Amino acid sequence: YTLNPSSPLAVTTTKTDPACGQNNGSILVSTGPTGYVYSWTGGLTGHNPTNLAAGTYIVTVTPTSGGCMEIDTVVLNNINPTSAPLFDPI
């Protein structure tokens, strides 16, 4: 018989950093066709967790059919808002 190794996973992550001090960041994990399990640090679920604070998040993506898994680390950083002067000296 012929043994065919599993194709490597093509996992892509896209992040949206949260505003400073806010929990409005997100991470989108793209894997192509359906049939994957996403295991996150911190109890997050699914392929697109939202309402995230700044921090480091680790996702393990595993095909439901078995085979190789991929582990990715995503770091969300605070985005500083554009600051305006509190007063305009004359």
# chains A, B, ... in the order shown; residues from 1 in each chain; ligands from 1
call {"tool": "residues_around", "arguments": {"residues": "Thr56 of chain A", "least_positions_apart": "4", "cutoff": "9 Å", "atoms": "only C-alpha atoms", "output": "list in words"}}
result
Thr41, Thr73, Val74, Val75, Leu76 and Asn77 of chain A
call {"tool": "residues_around", "arguments": {"residues": "segment 10-23 of chain A", "least_positions_apart": "6", "cutoff": "6 Å", "atoms": "only C-alpha atoms", "output": "mmCIF file with N, CA, C and O atoms, in the first residue's frame"}}
result
data_model
loop_
_atom_site.group_PDB
_atom_site.id
_atom_site.type_symbol
_atom_site.label_atom_id
_atom_site.label_comp_id
_atom_site.auth_asym_id
_atom_site.auth_seq_id
_atom_site.Cartn_x
_atom_site.Cartn_y
_atom_site.Cartn_z
ATOM 1 N N VAL A 29 -8.637 33.606 12.033
ATOM 2 C CA VAL A 29 -7.802 32.505 11.573
ATOM 3 C C VAL A 29 -8.433 31.939 10.305
ATOM 4 O O VAL A 29 -9.584 31.515 10.314
ATOM 5 N N SER A 30 -7.677 31.962 9.211
ATOM 6 C CA SER A 30 -8.155 31.422 7.935
ATOM 7 C C SER A 30 -7.423 30.131 7.639
ATOM 8 O O SER A 30 -6.195 30.085 7.667
ATOM 9 N N THR A 31 -8.195 29.077 7.351
ATOM 10 C CA THR A 31 -7.599 27.764 7.090
ATOM 11 C C THR A 31 -8.038 27.168 5.762
ATOM 12 O O THR A 31 -7.594 26.098 5.405
ATOM 13 N N ASN A 51 -13.571 40.956 20.892
ATOM 14 C CA ASN A 51 -13.600 41.612 22.210
ATOM 15 C C ASN A 51 -12.359 41.261 23.026
ATOM 16 O O ASN A 51 -12.453 40.948 24.214
ATOM 17 N N LEU A 52 -11.205 41.321 22.370
ATOM 18 C CA LEU A 52 -9.950 40.930 23.006
ATOM 19 C C LEU A 52 -9.158 42.146 23.478
ATOM 20 O O LEU A 52 -9.115 43.180 22.811
ATOM 21 N N ALA A 53 -8.506 41.983 24.617
ATOM 22 C CA ALA A 53 -7.586 42.989 25.142
ATOM 23 C C ALA A 53 -6.202 42.743 24.554
ATOM 24 O O ALA A 53 -5.945 41.700 23.932
ATOM 25 N N LEU A 76 -1.466 40.939 20.286
ATOM 26 C CA LEU A 76 -2.266 42.144 20.095
ATOM 27 C C LEU A 76 -1.649 43.252 20.942
ATOM 28 O O LEU A 76 -1.367 43.055 22.126
ATOM 29 N N ASN A 77 -1.430 44.400 20.327
ATOM 30 C CA ASN A 77 -0.860 45.554 21.010
ATOM 31 C C ASN A 77 -1.906 46.651 21.124
ATOM 32 O O ASN A 77 -2.775 46.782 20.263
ATOM 33 N N ASN A 78 -1.805 47.461 22.181
ATOM 34 C CA ASN A 78 -2.686 48.612 22.316
ATOM 35 C C ASN A 78 -2.367 49.637 21.239
ATOM 36 O O ASN A 78 -1.206 49.900 20.945
ATOM 37 N N ILE A 79 -3.414 50.197 20.656
ATOM 38 C CA ILE A 79 -3.245 51.301 19.722
ATOM 39 C C ILE A 79 -3.531 52.575 20.501
ATOM 40 O O ILE A 79 -4.595 52.710 21.108
ATOM 41 N N ASN A 80 -2.583 53.486 20.518
ATOM 42 C CA ASN A 80 -2.802 54.749 21.213
ATOM 43 C C ASN A 80 -3.685 55.645 20.369
ATOM 44 O O ASN A 80 -3.440 55.820 19.180
#
call {"tool": "closest_residue", "arguments": {"among": "A:Gly35, A:Gly42, A:Pro49, A:Gly25", "to": "Val61 of chain A", "atoms": "only C-alpha atoms"}}
result
A:Gly35
call {"tool": "select_by_dssp", "arguments": {"residues": "chain A", "states": "strand (DSSP E or B)", "output": "PyMOL selection string"}}
result
chain A and resi 12-16+19+25-30+36-40+52+55-63+70-76+79
call {"tool": "atom_distance", "arguments": {"atom1": "atom CA of Gly67 of chain A", "atom2": "atom CA of Ile27 of chain A"}}
result
24.0 Å
call {"tool": "atom_distance", "arguments": {"atom1": "atom CA of Tyr36 of chain A", "atom2": "atom CA of Thr64 of chain A"}}
result
5.2 Å
call {"tool": "atom_distance", "arguments": {"atom1": "atom CA of Val59 of chain A", "atom2": "atom CA of Trp40 of chain A"}}
result
4.4 Å
call {"tool": "decode", "arguments": {"residues": "segment 15-59 of chain A", "atoms": "N, CA and C atoms", "output": "compact mmCIF listing (two decimals), in the first residue's frame"}}
result
# COMPACT_ATOMS: atom_id res chain seq x y z
N LYS A 15 -5.00 40.14 12.45
CA LYS A 15 -5.37 40.69 13.75
C LYS A 15 -5.83 42.13 13.62
N THR A 16 -6.67 42.53 14.58
CA THR A 16 -7.05 43.92 14.76
C THR A 16 -6.68 44.27 16.19
N ASP A 17 -5.71 45.17 16.34
CA ASP A 17 -5.26 45.56 17.68
C ASP A 17 -6.33 46.39 18.38
N PRO A 18 -6.44 46.24 19.71
CA PRO A 18 -7.43 47.01 20.46
C PRO A 18 -6.96 48.43 20.71
N ALA A 19 -7.92 49.33 20.89
CA ALA A 19 -7.59 50.69 21.31
C ALA A 19 -7.05 50.64 22.73
N CYS A 20 -6.26 51.59 23.10
CA CYS A 20 -5.60 51.61 24.40
C CYS A 20 -6.61 51.43 25.54
N GLY A 21 -6.40 50.39 26.33
CA GLY A 21 -7.24 50.12 27.48
C GLY A 21 -8.59 49.51 27.16
N GLN A 22 -8.85 49.19 25.91
CA GLN A 22 -10.14 48.65 25.51
C GLN A 22 -10.04 47.15 25.22
N ASN A 23 -11.19 46.48 25.20
CA ASN A 23 -11.26 45.07 24.82
C ASN A 23 -11.99 44.97 23.49
N ASN A 24 -11.42 45.58 22.45
CA ASN A 24 -12.09 45.58 21.14
C ASN A 24 -11.19 45.07 20.02
N GLY A 25 -10.21 44.24 20.39
CA GLY A 25 -9.36 43.61 19.39
C GLY A 25 -9.99 42.32 18.88
N SER A 26 -9.42 41.79 17.80
CA SER A 26 -9.92 40.53 17.27
C SER A 26 -8.82 39.81 16.51
N ILE A 27 -9.04 38.51 16.31
CA ILE A 27 -8.12 37.68 15.53
C ILE A 27 -8.96 36.82 14.59
N LEU A 28 -8.59 36.79 13.33
CA LEU A 28 -9.26 35.93 12.35
C LEU A 28 -8.27 34.88 11.89
N VAL A 29 -8.64 33.61 12.03
CA VAL A 29 -7.80 32.50 11.57
C VAL A 29 -8.43 31.94 10.31
N SER A 30 -7.68 31.96 9.21
CA SER A 30 -8.15 31.42 7.93
C SER A 30 -7.42 30.13 7.64
N THR A 31 -8.20 29.08 7.35
CA THR A 31 -7.60 27.76 7.09
C THR A 31 -8.04 27.17 5.76
N GLY A 32 -8.92 27.84 5.06
CA GLY A 32 -9.43 27.26 3.83
C GLY A 32 -10.72 26.51 4.09
N PRO A 33 -10.85 25.30 3.56
CA PRO A 33 -12.09 24.54 3.73
C PRO A 33 -12.41 24.30 5.21
N THR A 34 -13.67 24.00 5.48
CA THR A 34 -14.09 23.75 6.85
C THR A 34 -13.54 22.41 7.34
N GLY A 35 -13.73 22.17 8.62
CA GLY A 35 -13.29 20.90 9.18
C GLY A 35 -12.08 21.02 10.07
N TYR A 36 -12.01 22.09 10.86
CA TYR A 36 -10.87 22.30 11.75
C TYR A 36 -11.37 22.61 13.15
N VAL A 37 -10.56 22.24 14.13
CA VAL A 37 -10.83 22.55 15.52
C VAL A 37 -9.79 23.59 15.95
N TYR A 38 -10.27 24.64 16.64
CA TYR A 38 -9.41 25.73 17.09
C TYR A 38 -9.35 25.69 18.61
N SER A 39 -8.16 25.47 19.16
CA SER A 39 -7.96 25.45 20.60
C SER A 39 -7.08 26.65 20.96
N TRP A 40 -7.61 27.52 21.81
CA TRP A 40 -6.93 28.77 22.18
C TRP A 40 -6.49 28.75 23.63
N THR A 41 -5.46 29.52 23.92
CA THR A 41 -5.14 29.81 25.32
C THR A 41 -6.22 30.74 25.85
N GLY A 42 -6.47 30.68 27.12
CA GLY A 42 -7.43 31.59 27.74
C GLY A 42 -8.88 31.23 27.50
N GLY A 43 -9.16 30.06 26.94
CA GLY A 43 -10.53 29.62 26.78
C GLY A 43 -11.28 30.24 25.61
N LEU A 44 -10.59 30.90 24.69
CA LEU A 44 -11.26 31.45 23.52
C LEU A 44 -11.75 30.31 22.64
N THR A 45 -12.73 30.60 21.78
CA THR A 45 -13.26 29.56 20.90
C THR A 45 -13.41 30.07 19.48
N GLY A 46 -13.50 29.15 18.55
CA GLY A 46 -13.78 29.46 17.16
C GLY A 46 -12.60 30.01 16.39
N HIS A 47 -12.86 30.38 15.14
CA HIS A 47 -11.80 30.87 14.26
C HIS A 47 -11.70 32.40 14.25
N ASN A 48 -12.62 33.10 14.97
CA ASN A 48 -12.62 34.56 14.94
C ASN A 48 -13.01 35.15 16.30
N PRO A 49 -12.16 34.95 17.33
CA PRO A 49 -12.50 35.52 18.63
C PRO A 49 -12.45 37.05 18.58
N THR A 50 -13.38 37.69 19.29
CA THR A 50 -13.47 39.15 19.30
C THR A 50 -13.51 39.65 20.74
N ASN A 51 -13.57 40.96 20.89
CA ASN A 51 -13.60 41.61 22.21
C ASN A 51 -12.36 41.26 23.03
N LEU A 52 -11.20 41.32 22.37
CA LEU A 52 -9.95 40.93 23.01
C LEU A 52 -9.16 42.15 23.48
N ALA A 53 -8.51 41.98 24.62
CA ALA A 53 -7.59 42.99 25.14
C ALA A 53 -6.20 42.74 24.55
N ALA A 54 -5.31 43.69 24.77
CA ALA A 54 -3.92 43.49 24.35
C ALA A 54 -3.35 42.28 25.08
N GLY A 55 -2.50 41.53 24.39
CA GLY A 55 -1.89 40.35 25.01
C GLY A 55 -1.44 39.36 23.96
N THR A 56 -0.95 38.23 24.43
CA THR A 56 -0.46 37.17 23.55
C THR A 56 -1.46 36.03 23.56
N TYR A 57 -1.85 35.61 22.36
CA TYR A 57 -2.83 34.54 22.20
C TYR A 57 -2.22 33.44 21.35
N ILE A 58 -2.43 32.19 21.76
CA ILE A 58 -1.88 31.04 21.04
C ILE A 58 -3.04 30.16 20.60
N VAL A 59 -3.05 29.82 19.30
CA VAL A 59 -4.10 28.95 18.76
C VAL A 59 -3.46 27.69 18.18
